[in-house]
>>> print(open('protein04.pdb').read())   # PDB, C-alpha atoms (C1' of nucleotides)
ATOM      1  CA  MET A   1     -24.033  54.806 241.434
ATOM      2  CA  LYS A   2     -22.034  51.772 240.613
ATOM      3  CA  ARG A   3     -22.972  48.198 241.315
ATOM      4  CA  ASN A   4     -25.994  46.649 242.987
ATOM      5  CA  SER A   5     -27.657  49.939 242.258
ATOM      6  CA  ARG A   6     -31.004  48.272 241.675
ATOM      7  CA  LEU A   7     -30.989  46.832 245.169
ATOM      8  CA  SER A   8     -29.813  50.115 246.640
ATOM      9  CA  LEU A   9     -32.483  52.096 244.888
ATOM     10  CA  ALA A  10     -35.202  49.627 245.847
ATOM     11  CA  LEU A  11     -34.207  49.573 249.497
ATOM     12  CA  HIS A  12     -33.876  53.312 249.605
ATOM     13  CA  SER A  13     -37.322  53.885 248.143
ATOM     14  CA  LEU A  14     -39.029  51.269 250.275
ATOM     15  CA  GLY A  15     -37.310  52.586 253.377
ATOM     16  CA  HIS A  16     -38.777  56.022 252.942
ATOM     17  CA  MET A  17     -42.178  54.668 252.045
ATOM     18  CA  ALA A  18     -42.172  52.567 255.187
ATOM     19  CA  GLY A  19     -41.625  55.738 257.171
ATOM     20  CA  ASN A  20     -44.778  57.319 255.794
ATOM     21  CA  PRO A  21     -46.945  54.709 254.069
ATOM     22  CA  ALA A  22     -49.854  57.045 253.391
ATOM     23  CA  GLN A  23     -47.867  59.367 251.163
ATOM     24  CA  THR A  24     -47.664  58.662 247.445
ATOM     25  CA  ARG A  25     -44.418  59.557 245.691
ATOM     26  CA  THR A  26     -43.826  60.146 242.014
ATOM     27  CA  SER A  27     -40.951  58.652 240.044
ATOM     28  CA  ALA A  28     -39.570  62.141 239.605
ATOM     29  CA  GLN A  29     -39.521  62.812 243.340
ATOM     30  CA  ILE A  30     -37.849  59.506 244.094
ATOM     31  CA  ALA A  31     -35.348  59.941 241.285
ATOM     32  CA  ASP A  32     -34.515  63.408 242.512
ATOM     33  CA  HIS A  33     -33.897  62.205 246.033
ATOM     34  CA  ALA A  34     -31.864  59.214 244.895
ATOM     35  CA  GLY A  35     -29.874  61.159 242.345
ATOM     36  CA  THR A  36     -31.003  59.216 239.321
ATOM     37  CA  ASN A  37     -33.586  59.246 236.545
ATOM     38  CA  PRO A  38     -37.397  58.826 236.712
ATOM     39  CA  VAL A  39     -37.319  56.098 234.072
ATOM     40  CA  VAL A  40     -34.702  54.178 236.002
ATOM     41  CA  VAL A  41     -36.891  54.453 239.082
ATOM     42  CA  ARG A  42     -39.883  53.125 237.171
ATOM     43  CA  ARG A  43     -37.798  50.233 235.869
ATOM     44  CA  VAL A  44     -36.649  49.182 239.315
ATOM     45  CA  LEU A  45     -39.872  49.851 241.192
ATOM     46  CA  GLY A  46     -41.733  48.142 238.374
ATOM     47  CA  ARG A  47     -40.143  44.893 239.506
ATOM     48  CA  LEU A  48     -41.333  45.504 243.029
ATOM     49  CA  ARG A  49     -44.789  46.206 241.688
ATOM     50  CA  ALA A  50     -44.736  42.946 239.732
ATOM     51  CA  ALA A  51     -43.779  41.191 242.948
ATOM     52  CA  GLY A  52     -46.729  42.724 244.762
ATOM     53  CA  LEU A  53     -44.712  44.967 247.055
ATOM     54  CA  LEU A  54     -45.779  48.280 245.544
ATOM     55  CA  VAL A  55     -48.718  49.730 243.681
ATOM     56  CA  ALA A  56     -48.471  52.493 241.097
ATOM     57  CA  GLU A  57     -51.297  54.827 240.281
ATOM     58  CA  LYS A  58     -51.419  56.685 237.017
ATOM     59  CA  GLY A  59     -52.773  60.124 236.348
ATOM     60  CA  HIS A  60     -53.064  63.241 238.385
ATOM     61  CA  ALA A  61     -51.909  62.874 242.014
ATOM     62  CA  GLY A  62     -50.714  59.403 241.133
ATOM     63  CA  GLY A  63     -47.451  57.778 242.126
ATOM     64  CA  TRP A  64     -46.051  54.924 244.176
ATOM     65  CA  ARG A  65     -47.312  53.441 247.429
ATOM     66  CA  LEU A  66     -46.630  50.328 249.460
ATOM     67  CA  ALA A  67     -48.979  47.536 248.487
ATOM     68  CA  ARG A  68     -49.092  46.203 252.030
ATOM     69  CA  ASP A  69     -48.016  46.901 255.557
ATOM     70  CA  PRO A  70     -44.277  47.658 255.802
ATOM     71  CA  GLU A  71     -44.002  45.154 258.662
ATOM     72  CA  THR A  72     -44.909  42.384 256.233
ATOM     73  CA  ILE A  73     -42.348  43.278 253.549
ATOM     74  CA  THR A  74     -39.064  41.539 254.263
ATOM     75  CA  LEU A  75     -35.638  42.130 252.827
ATOM     76  CA  ALA A  76     -35.938  38.727 251.183
ATOM     77  CA  ASP A  77     -39.007  39.912 249.299
ATOM     78  CA  VAL A  78     -36.987  42.774 247.864
ATOM     79  CA  TYR A  79     -34.008  40.601 247.091
ATOM     80  CA  LEU A  80     -36.110  38.040 245.257
ATOM     81  CA  ALA A  81     -38.150  40.650 243.410
ATOM     82  CA  LEU A  82     -34.949  41.905 241.816
ATOM     83  CA  ASP A  83     -33.546  38.505 240.774
ATOM     84  CA  GLU A  84     -30.382  39.198 242.731
ATOM     85  CA  ARG A  85     -29.134  35.632 242.632
ATOM     86  CA  LEU A  86     -25.632  34.712 243.707
ATOM     87  CA  THR A  87     -25.488  31.496 241.768
ATOM     88  CA  PRO A  88     -24.404  31.487 238.113
ATOM     89  CA  GLU A  89     -27.688  29.766 237.254
ATOM     90  CA  ALA A  90     -25.826  26.766 235.778
ATOM     91  CA  GLU A  91     -27.123  26.968 232.254
ATOM     92  CA  GLU A  92     -25.134  24.090 230.831
ATOM     93  CA  ALA A  93     -26.627  20.585 230.260
ATOM     94  CA  ALA A  94     -23.837  19.982 227.746
ATOM     95  CA  PRO A  95     -22.061  16.714 228.636
ATOM     96  CA  ARG A  96     -18.616  18.149 229.116
ATOM     97  CA  CYS A  97     -15.493  17.086 230.944
ATOM     98  CA  ALA A  98     -16.309  15.005 234.025
ATOM     99  CA  VAL A  99     -13.649  16.606 236.195
ATOM    100  CA  GLU A 100     -14.895  20.073 235.397
ATOM    101  CA  HIS A 101     -18.468  19.032 235.989
ATOM    102  CA  ALA A 102     -17.730  17.510 239.389
ATOM    103  CA  LEU A 103     -15.900  20.597 240.580
ATOM    104  CA  GLU A 104     -18.467  23.070 239.364
ATOM    105  CA  ARG A 105     -21.222  21.003 240.870
ATOM    106  CA  ARG A 106     -19.589  21.041 244.291
ATOM    107  CA  VAL A 107     -19.111  24.774 244.235
ATOM    108  CA  ALA A 108     -22.610  25.397 242.883
ATOM    109  CA  VAL A 109     -24.183  23.336 245.660
ATOM    110  CA  MET A 110     -22.286  25.289 248.289
ATOM    111  CA  MET A 111     -23.251  28.593 246.737
ATOM    112  CA  GLU A 112     -26.883  27.608 246.671
ATOM    113  CA  GLU A 113     -26.678  26.662 250.327
ATOM    114  CA  ALA A 114     -25.094  29.999 251.108
ATOM    115  CA  GLU A 115     -27.832  31.810 249.265
ATOM    116  CA  THR A 116     -30.530  29.836 250.998
ATOM    117  CA  ALA A 117     -29.024  30.792 254.345
ATOM    118  CA  LEU A 118     -28.835  34.407 253.235
ATOM    119  CA  LEU A 119     -32.481  34.419 252.193
ATOM    120  CA  LYS A 120     -33.486  32.950 255.518
ATOM    121  CA  ARG A 121     -31.726  35.793 257.299
ATOM    122  CA  LEU A 122     -33.171  38.399 254.958
ATOM    123  CA  ALA A 123     -36.656  37.008 255.443
ATOM    124  CA  ALA A 124     -36.381  37.576 259.186
ATOM    125  CA  ILE A 125     -36.268  41.360 258.916
ATOM    126  CA  SER A 126     -38.923  43.669 257.532
ATOM    127  CA  ILE A 127     -38.122  46.954 255.857
ATOM    128  CA  ALA A 128     -39.882  48.666 258.752
ATOM    129  CA  GLU A 129     -37.306  47.225 261.142
ATOM    130  CA  ALA A 130     -34.338  47.497 258.843
ATOM    131  CA  ARG A 131     -34.754  51.194 258.204
ATOM    132  CA  GLU A 132     -33.774  51.866 261.809
ATOM    133  CA  PRO A 133     -30.029  51.666 262.502
ATOM    134  CA  ALA A 134     -28.985  48.299 263.873
ATOM    135  CA  LEU A 135     -28.631  48.118 267.636
TER     136      LEU A 135
ATOM    137  CA  MET B   1     -18.346  30.286 228.189
ATOM    138  CA  LYS B   2     -20.513  32.824 229.877
ATOM    139  CA  ARG B   3     -20.314  33.907 233.446
ATOM    140  CA  ASN B   4     -18.043  32.916 236.304
ATOM    141  CA  SER B   5     -15.777  31.673 233.569
ATOM    142  CA  ARG B   6     -12.664  32.538 235.520
ATOM    143  CA  LEU B   7     -13.709  30.270 238.347
ATOM    144  CA  SER B   8     -14.741  27.538 235.931
ATOM    145  CA  LEU B   9     -11.484  27.683 234.074
ATOM    146  CA  ALA B  10      -9.440  27.700 237.273
ATOM    147  CA  LEU B  11     -11.289  24.746 238.756
ATOM    148  CA  HIS B  12     -11.112  22.832 235.536
ATOM    149  CA  SER B  13      -7.366  23.325 235.189
ATOM    150  CA  LEU B  14      -6.600  22.547 238.815
ATOM    151  CA  GLY B  15      -8.814  19.496 238.708
ATOM    152  CA  HIS B  16      -6.816  17.930 235.906
ATOM    153  CA  MET B  17      -3.509  18.894 237.459
ATOM    154  CA  ALA B  18      -4.569  17.259 240.712
ATOM    155  CA  GLY B  19      -5.121  14.052 238.778
ATOM    156  CA  ASN B  20      -1.534  13.996 237.545
ATOM    157  CA  PRO B  21       0.569  16.492 239.490
ATOM    158  CA  ALA B  22       3.860  15.509 237.879
ATOM    159  CA  GLN B  23       2.828  16.542 234.396
ATOM    160  CA  THR B  24       3.409  20.092 233.228
ATOM    161  CA  ARG B  25       0.838  21.597 230.899
ATOM    162  CA  THR B  26       1.179  24.534 228.550
ATOM    163  CA  SER B  27      -1.317  27.355 228.250
ATOM    164  CA  ALA B  28      -2.072  26.186 224.737
ATOM    165  CA  GLN B  29      -2.898  22.654 225.874
ATOM    166  CA  ILE B  30      -5.138  23.897 228.656
ATOM    167  CA  ALA B  31      -6.828  26.436 226.402
ATOM    168  CA  ASP B  32      -7.450  23.787 223.800
ATOM    169  CA  HIS B  33      -9.027  21.443 226.297
ATOM    170  CA  ALA B  34     -11.112  24.199 227.862
ATOM    171  CA  GLY B  35     -12.171  25.677 224.559
ATOM    172  CA  THR B  36     -10.630  29.066 225.090
ATOM    173  CA  ASN B  37      -7.489  31.062 224.391
ATOM    174  CA  PRO B  38      -3.916  30.635 225.731
ATOM    175  CA  VAL B  39      -3.738  34.261 226.810
ATOM    176  CA  VAL B  40      -6.968  33.923 228.742
ATOM    177  CA  VAL B  41      -5.558  30.850 230.430
ATOM    178  CA  ARG B  42      -2.407  32.718 231.383
ATOM    179  CA  ARG B  43      -4.466  35.568 232.773
ATOM    180  CA  VAL B  44      -6.546  33.320 234.994
ATOM    181  CA  LEU B  45      -3.807  30.916 236.042
ATOM    182  CA  GLY B  46      -1.577  33.912 236.661
ATOM    183  CA  ARG B  47      -3.804  34.778 239.577
ATOM    184  CA  LEU B  48      -3.425  31.283 240.953
ATOM    185  CA  ARG B  49       0.324  31.604 240.552
ATOM    186  CA  ALA B  50       0.277  34.913 242.439
ATOM    187  CA  ALA B  51      -1.664  33.150 245.209
ATOM    188  CA  GLY B  52       0.951  30.422 245.415
ATOM    189  CA  LEU B  53      -1.224  27.624 244.064
ATOM    190  CA  LEU B  54       0.623  27.124 240.784
ATOM    191  CA  VAL B  55       4.088  27.593 239.370
ATOM    192  CA  ALA B  56       4.840  28.468 235.767
ATOM    193  CA  GLU B  57       8.090  27.644 234.019
ATOM    194  CA  LYS B  58       9.219  29.475 230.949
ATOM    195  CA  GLY B  59      11.158  28.140 228.047
ATOM    196  CA  HIS B  60      11.420  24.770 226.401
ATOM    197  CA  ALA B  61       9.378  22.053 228.106
ATOM    198  CA  GLY B  62       7.942  24.720 230.380
ATOM    199  CA  GLY B  63       4.337  25.117 231.464
ATOM    200  CA  TRP B  64       2.123  24.979 234.512
ATOM    201  CA  ARG B  65       2.348  22.742 237.575
ATOM    202  CA  LEU B  66       0.793  22.654 241.019
ATOM    203  CA  ALA B  67       2.887  24.542 243.539
ATOM    204  CA  ARG B  68       1.971  22.141 246.341
ATOM    205  CA  ASP B  69       0.184  18.937 247.123
ATOM    206  CA  PRO B  70      -3.376  18.874 245.698
ATOM    207  CA  GLU B  71      -4.667  17.721 249.086
ATOM    208  CA  THR B  72      -3.606  21.065 250.557
ATOM    209  CA  ILE B  73      -5.282  23.258 247.947
ATOM    210  CA  THR B  74      -8.859  23.989 248.975
ATOM    211  CA  LEU B  75     -11.723  25.418 246.983
ATOM    212  CA  ALA B  76     -11.525  28.482 249.222
ATOM    213  CA  ASP B  77      -7.936  29.047 248.073
ATOM    214  CA  VAL B  78      -9.148  29.144 244.489
ATOM    215  CA  TYR B  79     -12.123  31.325 245.265
ATOM    216  CA  LEU B  80     -10.014  33.873 247.130
ATOM    217  CA  ALA B  81      -7.252  33.837 244.552
ATOM    218  CA  LEU B  82      -9.757  35.046 241.980
ATOM    219  CA  ASP B  83     -11.326  37.822 244.081
ATOM    220  CA  GLU B  84     -14.744  36.265 243.635
ATOM    221  CA  ARG B  85     -16.423  38.332 246.316
ATOM    222  CA  LEU B  86     -20.187  38.329 246.722
ATOM    223  CA  THR B  87     -20.314  41.634 248.539
ATOM    224  CA  PRO B  88     -20.450  44.888 246.573
ATOM    225  CA  GLU B  89     -17.323  46.021 248.456
ATOM    226  CA  ALA B  90     -19.223  49.047 249.881
ATOM    227  CA  GLU B  91     -17.131  51.782 248.377
ATOM    228  CA  GLU B  92     -19.104  54.694 249.712
ATOM    229  CA  ALA B  93     -18.014  56.724 252.806
ATOM    230  CA  ALA B  94     -20.194  59.559 251.506
ATOM    231  CA  PRO B  95     -22.559  60.672 254.287
ATOM    232  CA  ARG B  96     -25.789  60.042 252.460
ATOM    233  CA  CYS B  97     -29.380  59.473 253.459
ATOM    234  CA  ALA B  98     -29.623  57.765 256.851
ATOM    235  CA  VAL B  99     -32.467  55.470 255.845
ATOM    236  CA  GLU B 100     -30.595  54.266 252.811
ATOM    237  CA  HIS B 101     -27.445  53.759 254.826
ATOM    238  CA  ALA B 102     -29.180  51.709 257.517
ATOM    239  CA  LEU B 103     -30.802  49.404 254.975
ATOM    240  CA  GLU B 104     -27.691  48.857 252.919
ATOM    241  CA  ARG B 105     -25.691  48.213 256.035
ATOM    242  CA  ARG B 106     -28.064  45.499 257.187
ATOM    243  CA  VAL B 107     -27.985  43.749 253.857
ATOM    244  CA  ALA B 108     -24.227  44.113 253.545
ATOM    245  CA  VAL B 109     -23.671  42.545 256.962
ATOM    246  CA  MET B 110     -25.834  39.582 256.042
ATOM    247  CA  MET B 111     -24.069  39.121 252.742
ATOM    248  CA  GLU B 112     -20.708  39.163 254.430
ATOM    249  CA  GLU B 113     -21.916  36.545 256.872
ATOM    250  CA  ALA B 114     -23.158  34.425 254.011
ATOM    251  CA  GLU B 115     -19.829  34.713 252.266
ATOM    252  CA  THR B 116     -17.930  33.847 255.425
ATOM    253  CA  ALA B 117     -20.047  30.724 255.775
ATOM    254  CA  LEU B 118     -19.448  29.878 252.123
ATOM    255  CA  LEU B 119     -15.692  30.248 252.519
ATOM    256  CA  LYS B 120     -15.751  28.007 255.542
ATOM    257  CA  ARG B 121     -17.459  25.317 253.510
ATOM    258  CA  LEU B 122     -15.146  25.799 250.560
ATOM    259  CA  ALA B 123     -12.113  25.588 252.809
ATOM    260  CA  ALA B 124     -13.203  22.138 253.981
ATOM    261  CA  ILE B 125     -12.704  20.507 250.594
ATOM    262  CA  SER B 126      -9.492  20.148 248.626
ATOM    263  CA  ILE B 127      -9.391  20.062 244.867
ATOM    264  CA  ALA B 128      -8.164  16.473 245.136
ATOM    265  CA  GLU B 129     -11.432  15.509 246.848
ATOM    266  CA  ALA B 130     -13.693  17.769 244.857
ATOM    267  CA  ARG B 131     -12.609  16.408 241.495
ATOM    268  CA  GLU B 132     -14.324  13.132 242.348
ATOM    269  CA  PRO B 133     -18.117  13.171 241.930
ATOM    270  CA  ALA B 134     -19.910  13.812 245.208
ATOM    271  CA  LEU B 135     -21.137  10.733 247.014
TER     272      LEU B 135
ATOM    273  C1'  DG C   1     -64.080  68.304 226.252
ATOM    274  C1'  DA C   2     -59.407  70.325 227.029
ATOM    275  C1'  DC C   3     -55.588  70.014 229.722
ATOM    276  C1'  DA C   4     -52.155  68.564 233.095
ATOM    277  C1'  DT C   5     -50.001  64.884 235.484
ATOM    278  C1'  DC C   6     -48.551  60.463 236.082
ATOM    279  C1'  DC C   7     -46.920  55.606 234.821
ATOM    280  C1'  DG C   8     -45.504  52.025 231.031
ATOM    281  C1'  DC C   9     -42.685  51.039 227.581
ATOM    282  C1'  DA C  10     -39.844  51.142 223.484
ATOM    283  C1'  DA C  11     -35.610  52.782 221.463
ATOM    284  C1'  DC C  12     -31.406  54.748 221.709
ATOM    285  C1'  DT C  13     -26.666  56.198 223.554
ATOM    286  C1'  DA C  14     -22.818  55.830 226.905
ATOM    287  C1'  DC C  15     -20.050  53.396 229.830
ATOM    288  C1'  DG C  16     -17.549  49.502 232.008
ATOM    289  C1'  DG C  17     -16.103  44.818 232.601
ATOM    290  C1'  DA C  18     -14.654  40.547 230.610
ATOM    291  C1'  DA C  19     -13.391  37.408 226.820
ATOM    292  C1'  DG C  20     -10.974  36.909 222.956
ATOM    293  C1'  DT C  21      -7.097  38.081 219.810
ATOM    294  C1'  DT C  22      -2.596  39.736 218.095
ATOM    295  C1'  DA C  23       1.943  41.003 218.927
ATOM    296  C1'  DC C  24       6.197  41.197 221.137
ATOM    297  C1'  DG C  25       9.661  40.853 224.852
ATOM    298  C1'  DA C  26      11.975  37.832 228.431
ATOM    299  C1'  DG C  27      13.635  33.570 230.067
ATOM    300  C1'  DA C  28      15.170  28.705 229.426
ATOM    301  C1'  DA C  29      16.408  24.544 227.157
ATOM    302  C1'  DA C  30      17.948  21.886 222.947
TER     303       DA C  30
ATOM    304  C1'  DT D   1      21.261  30.292 217.667
ATOM    305  C1'  DT D   2      16.960  28.417 217.486
ATOM    306  C1'  DT D   3      12.826  27.040 219.609
ATOM    307  C1'  DC D   4       9.533  26.969 223.025
ATOM    308  C1'  DT D   5       7.046  28.958 226.768
ATOM    309  C1'  DC D   6       5.216  32.497 229.878
ATOM    310  C1'  DG D   7       4.181  37.720 230.809
ATOM    311  C1'  DT D   8       2.051  41.583 229.300
ATOM    312  C1'  DA D   9       0.344  45.343 226.602
ATOM    313  C1'  DA D  10      -2.987  46.831 223.246
ATOM    314  C1'  DC D  11      -6.875  46.225 220.813
ATOM    315  C1'  DT D  12     -11.628  44.556 219.382
ATOM    316  C1'  DT D  13     -15.944  42.491 220.466
ATOM    317  C1'  DC D  14     -19.695  41.475 223.306
ATOM    318  C1'  DC D  15     -22.985  42.101 226.970
ATOM    319  C1'  DG D  16     -25.376  44.207 230.813
ATOM    320  C1'  DT D  17     -26.805  48.397 232.979
ATOM    321  C1'  DA D  18     -27.614  53.382 233.635
ATOM    322  C1'  DG D  19     -29.168  57.206 231.569
ATOM    323  C1'  DT D  20     -32.082  59.698 228.167
ATOM    324  C1'  DT D  21     -35.853  60.925 224.954
ATOM    325  C1'  DG D  22     -40.293  60.246 223.205
ATOM    326  C1'  DC D  23     -44.905  58.877 223.167
ATOM    327  C1'  DG D  24     -49.154  56.342 224.329
ATOM    328  C1'  DG D  25     -52.512  55.282 228.032
ATOM    329  C1'  DA D  26     -54.751  56.290 232.337
ATOM    330  C1'  DT D  27     -56.585  59.513 235.663
ATOM    331  C1'  DG D  28     -57.469  63.376 237.615
ATOM    332  C1'  DT D  29     -58.655  68.956 237.425
ATOM    333  C1'  DC D  30     -60.627  72.772 235.086
TER     334       DC D  30
END
>>> encode(input="protein04.pdb", output="C-alpha cells")
Amino acid sequence: MKRNSRLSLALHSLGHMAGNPAQTRTSAQIADHAGTNPVVVRRVLGRLRAAGLLVAEKGHAGGWRLARDPETITLADVYLALDERLTPEAEEAAPRCAVEHALERRVAVMMEEAETALLKRLAAISIAEAREPAL
Amino acid sequence: MKRNSRLSLALHSLGHMAGNPAQTRTSAQIADHAGTNPVVVRRVLGRLRAAGLLVAEKGHAGGWRLARDPETITLADVYLALDERLTPEAEEAAPRCAVEHALERRVAVMMEEAETALLKRLAAISIAEAREPAL
DNA sequence: GACATCCGCAACTACGGAAGTTACGAGAAA
DNA sequence: TTTCTCGTAACTTCCGTAGTTGCGGATGTC
C-alpha cells in the first residue's frame, strides 16, 4: 500500500459487504483479504462506523456489517467519512502579504469549487453500483 | 508554513514579480520576505524555471526574473510546474481483487475529471490578474 | 462462572516526504 | 582576484501514516 490507502481499504471493504450484506466480517478476515493489519482495518472502518455507514458488533460471532442498504451508501459518504479533503483547509487568519493572500484565495476558491463538483459526482453513485465495472 | 507550501511560495514570488517585472530578486530577498530559506526558494523556483516561467541569472547582480509577460503566465502553468496532482497517480497494474479495482477506477476517473475542470479554471486566470483581490 | 472471540484504544516503532540548514562548486560581474 | 549569485548534494528535523503489540470491555459458547 502507498497513498490514499484509507480510501482504498474503505472502498474495498464496503464493496465486498455490498455484495453480501447479511454476512458479518471480522477485522482479521478483512485485513487478511486486503493484505494489511486488523488494527489498521479497525482504524479505517471505525471512521465509517462513526459516519453511520457500518456497525460493529463485539464478542463471539461479532464483526462488521453495513449499517444500511448498500444502495443508499454513496461514494461521497465514504469520501466525507474519511476527511479526504482536497483543499489545504486554509488555517491562516494571520494578516500577511496582500499579494500572497489574493493569490491563495483565488486558488483556494477554485479548489473548493472543484471539490464540490467532485462530491456531487461521487454522491450520484452508490457502492452497490460502483462495485460493478463501469459500462 | 505548513502544507501546500510549495504552491504558496511559488504564487507569492510570482505575484510580486508580476507587479514589477523589470526587477531581479535574489533567493535571499525572496526567502526573507516569505519567511523561509534561500535554498528552499531555489528548490521551488527551480521548478518554475524548468517549466519556462522564470529565468535565473548567476553572478553579481543576478537573481530571478519572469521569463515572459505576466499576462501570459496562468495559475495552471504554476500548478502544473509543481506537479500538484490531486490524483493518486494509480501506480498499480497488479491484477488484484476485481471489486476493489472497479471501485478505485470509478473514483479515480471522477478525480481526474475534477482535476481537469480545475486546470481549466486555473488556466483562465493569469498571475497578473490574480494578484489583484477578486471583485 | 470459565472461556473464547471480537472490537476499541493506547502506545510504540518504522518509514517516507518535505522543510530547513550547511557546505561547496560553477558562473558572472566589478 | 574578489564578490555575488544560483545549483546541488548531504544532512537533520518534523510530521503523518502504516504496522505492531498489548490489554480492557463486550458478547457469545460451554
>>> residues_around(input="protein04.pdb", residues="Glu71 of chain A", least_positions_apart="5", cutoff="7 Å", atoms="only C-alpha atoms (C1' of nucleotides)", output="PyMOL selection string")
chain A and resi 126-128
>>> atom_distance(input="protein04.pdb", atom1="atom CA of Asp77 of chain A", atom2="atom CA of Arg121 of chain A")
11.6 Å
>>> closest_atom_pairs(input="protein04.pdb", of="chain B", to="chain A", cutoff="8 Å", atoms="all atoms listed in the file", output="JSON lines")
{"residue": "B:Arg3", "atom": "CA", "partner": "A:Pro88", "partner_atom": "CA", "distance": 6.7}
{"residue": "B:Asn4", "atom": "CA", "partner": "A:Pro88", "partner_atom": "CA", "distance": 6.8}
{"residue": "B:Ser8", "atom": "CA", "partner": "A:Glu104", "partner_atom": "CA", "distance": 6.8}
{"residue": "B:Leu11", "atom": "CA", "partner": "A:Leu103", "partner_atom": "CA", "distance": 6.5}
{"residue": "B:His12", "atom": "CA", "partner": "A:Glu100", "partner_atom": "CA", "distance": 4.7}
{"residue": "B:Gly15", "atom": "CA", "partner": "A:Val99", "partner_atom": "CA", "distance": 6.2}
{"residue": "B:His16", "atom": "CA", "partner": "A:Val99", "partner_atom": "CA", "distance": 7.0}
{"residue": "B:Leu75", "atom": "CA", "partner": "A:Val107", "partner_atom": "CA", "distance": 7.9}
{"residue": "B:Leu86", "atom": "CA", "partner": "A:Leu86", "partner_atom": "CA", "distance": 7.2}
{"residue": "B:Pro88", "atom": "CA", "partner": "A:Arg3", "partner_atom": "CA", "distance": 6.7}
{"residue": "B:Val99", "atom": "CA", "partner": "A:Arg131", "partner_atom": "CA", "distance": 5.4}
{"residue": "B:Glu100", "atom": "CA", "partner": "A:His12", "partner_atom": "CA", "distance": 4.7}
{"residue": "B:Ala102", "atom": "CA", "partner": "A:Pro133", "partner_atom": "CA", "distance": 5.1}
{"residue": "B:Leu103", "atom": "CA", "partner": "A:Arg131", "partner_atom": "CA", "distance": 5.4}
{"residue": "B:Glu104", "atom": "CA", "partner": "A:Ser8", "partner_atom": "CA", "distance": 6.7}
{"residue": "B:Arg106", "atom": "CA", "partner": "A:Ala130", "partner_atom": "CA", "distance": 6.8}
{"residue": "B:Val107", "atom": "CA", "partner": "A:Leu122", "partner_atom": "CA", "distance": 7.5}
{"residue": "B:Met110", "atom": "CA", "partner": "A:Leu118", "partner_atom": "CA", "distance": 6.6}
{"residue": "B:Met111", "atom": "CA", "partner": "A:Leu118", "partner_atom": "CA", "distance": 6.7}
{"residue": "B:Ala114", "atom": "CA", "partner": "A:Ala114", "partner_atom": "CA", "distance": 5.6}
{"residue": "B:Glu115", "atom": "CA", "partner": "A:Ala114", "partner_atom": "CA", "distance": 7.2}
{"residue": "B:Ala117", "atom": "CA", "partner": "A:Ala114", "partner_atom": "CA", "distance": 6.9}
{"residue": "B:Leu118", "atom": "CA", "partner": "A:Ala114", "partner_atom": "CA", "distance": 5.7}
{"residue": "B:Arg121", "atom": "CA", "partner": "A:Met110", "partner_atom": "CA", "distance": 7.1}
{"residue": "B:Leu122", "atom": "CA", "partner": "A:Met110", "partner_atom": "CA", "distance": 7.5}
{"residue": "B:Ile127", "atom": "CA", "partner": "A:Leu103", "partner_atom": "CA", "distance": 7.8}
{"residue": "B:Ala130", "atom": "CA", "partner": "A:Leu103", "partner_atom": "CA", "distance": 5.6}
{"residue": "B:Arg131", "atom": "CA", "partner": "A:Val99", "partner_atom": "CA", "distance": 5.4}
{"residue": "B:Glu132", "atom": "CA", "partner": "A:Ala102", "partner_atom": "CA", "distance": 6.3}
{"residue": "B:Pro133", "atom": "CA", "partner": "A:Ala102", "partner_atom": "CA", "distance": 5.0}
{"residue": "B:Ala134", "atom": "CA", "partner": "A:Ala102", "partner_atom": "CA", "distance": 7.2}
>>> write_last_selection(input="protein04.pdb", atoms="C-alpha atoms", output="short mmCIF file (atom, residue, chain, number, x, y, z; two decimals), keeping the file's coordinate frame")
data_model
loop_
_atom_site.label_atom_id
_atom_site.label_comp_id
_atom_site.auth_asym_id
_atom_site.auth_seq_id
_atom_site.Cartn_x
_atom_site.Cartn_y
_atom_site.Cartn_z
CA ARG B 3 -20.31 33.91 233.45
CA ASN B 4 -18.04 32.92 236.30
CA SER B 8 -14.74 27.54 235.93
CA LEU B 11 -11.29 24.75 238.76
CA HIS B 12 -11.11 22.83 235.54
CA GLY B 15 -8.81 19.50 238.71
CA HIS B 16 -6.82 17.93 235.91
CA LEU B 75 -11.72 25.42 246.98
CA LEU B 86 -20.19 38.33 246.72
CA PRO B 88 -20.45 44.89 246.57
CA VAL B 99 -32.47 55.47 255.84
CA GLU B 100 -30.60 54.27 252.81
CA ALA B 102 -29.18 51.71 257.52
CA LEU B 103 -30.80 49.40 254.98
CA GLU B 104 -27.69 48.86 252.92
CA ARG B 106 -28.06 45.50 257.19
CA VAL B 107 -27.98 43.75 253.86
CA MET B 110 -25.83 39.58 256.04
CA MET B 111 -24.07 39.12 252.74
CA ALA B 114 -23.16 34.42 254.01
CA GLU B 115 -19.83 34.71 252.27
CA ALA B 117 -20.05 30.72 255.78
CA LEU B 118 -19.45 29.88 252.12
CA ARG B 121 -17.46 25.32 253.51
CA LEU B 122 -15.15 25.80 250.56
CA ILE B 127 -9.39 20.06 244.87
CA ALA B 130 -13.69 17.77 244.86
CA ARG B 131 -12.61 16.41 241.50
CA GLU B 132 -14.32 13.13 242.35
CA PRO B 133 -18.12 13.17 241.93
CA ALA B 134 -19.91 13.81 245.21
#
>>> residues_around(input="protein04.pdb", residues="segment 12-23 of chain D", least_positions_apart="2", cutoff="9 Å", atoms="all atoms listed in the file", output="MDAnalysis selection string")
(chainID A and resid 1 36:37 39:40) or (chainID C and resid 11:15 18:21)
>>> residues_around(input="protein04.pdb", residues="Arg47 of chain B", least_positions_apart="4", cutoff="7 Å", atoms="only C-alpha atoms (C1' of nucleotides)", output="list in words")
Arg43, Ala51, Ala81 and Leu82 of chain B
>>> write_last_selection(input="protein04.pdb", atoms="C-alpha atoms", output="compact mmCIF listing (two decimals), keeping the file's coordinate frame")
# COMPACT_ATOMS: atom_id res chain seq x y z
CA ARG B 43 -4.47 35.57 232.77
CA ALA B 51 -1.66 33.15 245.21
CA ALA B 81 -7.25 33.84 244.55
CA LEU B 82 -9.76 35.05 241.98
>>> interface_residues(input="protein04.pdb", of="chain B", to="chain C", cutoff="7 Å", atoms="only C-alpha atoms (C1' of nucleotides)", output="MDAnalysis selection string")
chainID B and resid 37 58:60
>>> closest_residue(input="protein04.pdb", among="A:Val41, A:Ala61, A:Leu48, A:Val55", to="chain D", atoms="all atoms listed in the file")
A:Ala61
>>> interface_residues(input="protein04.pdb", of="chain D", to="chain A", cutoff="6 Å", atoms="all atoms listed in the file", output="VMD selection string")
chain D and resid 26 to 28
